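> One structure, as structure tokens, below. Some questions next.
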Amino acid sequence: MRIVIAGGHGQIALRLERLLAARGDEVAGIIRKAEQEGDLREAGAEPIVLDLESASAGEVAERLRGADAAVFAAGAGPGSGAARKETVDKGAAVLFADAAVQAGVRRFLVVSSMGADPAHQGDDVFDAYLRAKGAADAYVTGLEALDWTILRPGMLTNERGTGLVRLEAHTGRGSVPRADVAAVLAELVESPATAGLTLELISGSAPVSVAVKSVAGN
């Protein structure tokens, strides 16, 4: 498969790129800064320098043509204000989805967040983040041209991955290592039976492959 990842220099994305490249997939990561290219190549991914805050859907679509799947893993990141939650966590996700439709890429995964809700209340930056993520998810799930899966991890940690997770429509609160999020994404991207599902993810007792097969119904 050829898989293009938005936010290719993110912590989850770099882990995902390594997993996909190791199993023989062709991986490309969209990044904002040319100085990040080396990290992507080290992970086995082709770097694509493109700013999703200023690019057009047509420009992004050109980079997506020929891909078998697209993964939105971009984010404004910690330390950013509410305005960039709108332009990146919402705006870039909408742009990437529109570009995938233009490019004819049906398989589309979104790394969202537990608690994402366009109607979430509150004035803090994290509240703005959850609203932006929720609005992006709502937009993507309304696109019939995409075979989308929304993944909503709990609190992210940098602990060593265990390969044991709980993946369900509703898991309840919990944490999960970024390595295990990447492992779940790697399984989901080649599990088309999970299209149309919004899934929460925390650490649990099921091996990743078993958890994904369970939600896929096989």
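Labels for the structure tokens follow display order: chains A, B, ..., residues from 1 in each chain, ligands from 1.
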Just the alpha helix (DSSP H) stuff from segment 36-211 of chain A, please, per backbone DSSP, written as a ChimeraX atom specification.

/A:37-43,57-64,82-84,93-103,125-141,178-188,208-211

> What are the DSSP strand (DSSP E or B) residues of segment 26-90 of chain A, as number ranges by chain?

A: 26-31, 46-49, 69-72

> For segment 103-109 of chain A, find every residue with an atom within 8 Å (counting only C-alpha atoms), except residues of its own chain fewer than 6 positions away, and show them as number ranges by chain.

A: 61-62, 64-72, 97, 145-151, 185, 189, 192, 195

> What lies within 12 Å of segment 33-38 of chain A using only C-alpha atoms, ignoring chain neighbours under 5 positions off, as an mmCIF file with N, CA and C atoms, in the first residue's frame?


data_model
loop_
_atom_site.group_PDB
_atom_site.id
_atom_site.type_symbol
_atom_site.label_atom_id
_atom_site.label_comp_id
_atom_site.auth_asym_id
_atom_site.auth_seq_id
_atom_site.Cartn_x
_atom_site.Cartn_y
_atom_site.Cartn_z
ATOM 1 N N GLY A 7 0.879 15.557 9.019
ATOM 2 C CA GLY A 7 1.504 15.684 10.335
ATOM 3 C C GLY A 7 2.578 14.644 10.497
ATOM 4 N N GLY A 8 3.365 14.450 9.421
ATOM 5 C CA GLY A 8 4.294 13.339 9.352
ATOM 6 C C GLY A 8 5.433 13.359 10.347
ATOM 7 N N HIS A 9 5.659 14.500 11.020
ATOM 8 C CA HIS A 9 6.741 14.578 11.999
ATOM 9 C C HIS A 9 6.231 14.462 13.433
ATOM 10 N N GLY A 10 4.950 14.208 13.593
ATOM 11 C CA GLY A 10 4.394 14.056 14.933
ATOM 12 C C GLY A 10 4.862 12.773 15.592
ATOM 13 N N LEU A 14 5.563 9.453 13.345
ATOM 14 C CA LEU A 14 6.891 8.862 13.147
ATOM 15 C C LEU A 14 6.905 7.386 13.534
ATOM 16 N N ALA A 28 4.555 8.112 2.898
ATOM 17 C CA ALA A 28 4.960 9.505 2.732
ATOM 18 C C ALA A 28 4.360 10.317 3.871
ATOM 19 N N ALA A 43 12.905 7.237 9.396
ATOM 20 C CA ALA A 43 11.770 6.376 9.744
ATOM 21 C C ALA A 43 11.303 5.541 8.557
ATOM 22 N N GLY A 44 11.873 5.779 7.385
ATOM 23 C CA GLY A 44 11.492 5.017 6.205
ATOM 24 C C GLY A 44 10.417 5.657 5.372
ATOM 25 N N ALA A 45 10.166 6.953 5.599
ATOM 26 C CA ALA A 45 9.090 7.652 4.896
ATOM 27 C C ALA A 45 9.635 8.704 3.943
ATOM 28 N N GLU A 46 8.889 8.932 2.877
ATOM 29 C CA GLU A 46 9.200 10.004 1.927
ATOM 30 C C GLU A 46 8.661 11.323 2.486
ATOM 31 N N PRO A 47 9.513 12.338 2.666
ATOM 32 C CA PRO A 47 9.019 13.619 3.171
ATOM 33 C C PRO A 47 8.390 14.464 2.065
ATOM 34 N N ILE A 48 7.249 15.067 2.380
ATOM 35 C CA ILE A 48 6.577 16.006 1.481
ATOM 36 C C ILE A 48 6.427 17.319 2.250
ATOM 37 N N VAL A 49 7.132 18.354 1.839
ATOM 38 C CA VAL A 49 7.085 19.636 2.534
ATOM 39 C C VAL A 49 5.907 20.442 1.994
ATOM 40 N N LEU A 50 4.917 20.669 2.839
ATOM 41 C CA LEU A 50 3.697 21.376 2.443
ATOM 42 C C LEU A 50 3.002 21.864 3.706
ATOM 43 N N ASP A 51 2.645 23.138 3.740
ATOM 44 C CA ASP A 51 1.984 23.724 4.904
ATOM 45 C C ASP A 51 0.473 23.605 4.744
ATOM 46 N N LEU A 52 -0.142 22.769 5.552
ATOM 47 C CA LEU A 52 -1.584 22.545 5.442
ATOM 48 C C LEU A 52 -2.410 23.739 5.906
#

> Choose the residue, out of A:Ala119, A:Ala182, A:Ala216, A:Leu201, that has the smallest atom-to-atom separation from Arg131 of chain A; count only C-alpha atoms.

A:Ala119

> Closest to Asp127 of chain A among A:Leu19, A:Val215, A:Ala82, A:Ala100, using only C-alpha atoms?

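Smallest distance to Asp127 of chain A is found for A:Ala82.
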
> Skipping near chain neighbours, those fewer than 4 positions away, what residues fall within 8 Å of Ala206 of chain A using only C-alpha atoms, listed as an MDAnalysis selection string?

chainID A and resid 163:166 210:211

> Could you turn the residues from that selection into a file that holds all heavy atoms, as a compact mmCIF listing (two decimals), in the first residue's frame?


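Full text of out-v2.txt as output:
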# COMPACT_ATOMS: atom_id res chain seq x y z
N GLY A 163 1.34 -3.42 23.36
CA GLY A 163 0.64 -4.21 22.36
C GLY A 163 -0.70 -4.73 22.83
O GLY A 163 -1.37 -5.50 22.14
N LEU A 164 -1.12 -4.28 24.02
CA LEU A 164 -2.39 -4.71 24.61
C LEU A 164 -3.29 -3.50 24.79
O LEU A 164 -2.92 -2.53 25.45
CB LEU A 164 -2.16 -5.40 25.95
CG LEU A 164 -1.30 -6.67 25.90
CD1 LEU A 164 -1.00 -7.15 27.31
CD2 LEU A 164 -1.98 -7.76 25.09
N VAL A 165 -4.48 -3.54 24.18
CA VAL A 165 -5.34 -2.36 24.15
C VAL A 165 -6.80 -2.72 24.39
O VAL A 165 -7.19 -3.89 24.37
CB VAL A 165 -5.23 -1.65 22.77
CG1 VAL A 165 -3.79 -1.18 22.52
CG2 VAL A 165 -5.71 -2.55 21.64
N ARG A 166 -7.58 -1.67 24.59
CA ARG A 166 -9.04 -1.78 24.58
C ARG A 166 -9.53 -0.84 23.51
O ARG A 166 -9.30 0.38 23.58
CB ARG A 166 -9.61 -1.41 25.95
CG ARG A 166 -11.13 -1.56 26.02
CD ARG A 166 -11.67 -1.26 27.41
NE ARG A 166 -13.12 -1.33 27.43
CZ ARG A 166 -13.87 -0.96 28.47
NH1 ARG A 166 -13.27 -0.50 29.56
NH2 ARG A 166 -15.18 -1.04 28.42
N VAL A 210 -6.04 -8.55 17.54
CA VAL A 210 -7.30 -9.14 18.00
C VAL A 210 -8.34 -8.04 18.22
O VAL A 210 -9.52 -8.19 17.85
CB VAL A 210 -7.08 -9.94 19.30
CG1 VAL A 210 -8.42 -10.40 19.89
CG2 VAL A 210 -6.18 -11.13 19.03
N ALA A 211 -7.93 -6.93 18.82
CA ALA A 211 -8.84 -5.83 19.09
C ALA A 211 -9.41 -5.27 17.79
O ALA A 211 -10.61 -4.97 17.70
CB ALA A 211 -8.13 -4.74 19.88

> In Å, rounded to a single decimal, give me how far atom CA of Thr141 of chain A is from atom CA of Gly217 of chain A.

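Interatomic distance, atom CA of Gly217 of chain A to atom CA of Thr141 of chain A: 20.1 Å.
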
> Using only C-alpha atoms, which of A:Ile202, A:Val101, A:Leu156, A:Ala135 sits nearest Gly172 of chain A?

A:Ile202

> Taking only C-alpha atoms into account, name the residue in A:Val125, A:Val27, A:Arg173, A:Leu167 that is nearest to Gly204 of chain A.

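Residue with the minimum atom-to-atom distance to Gly204 of chain A: A:Leu167.
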
> Can you measure atom CA of Ala6 of chain A to atom CA of Thr87 of chain A for me? One decimal in Å is fine.

14.0 Å
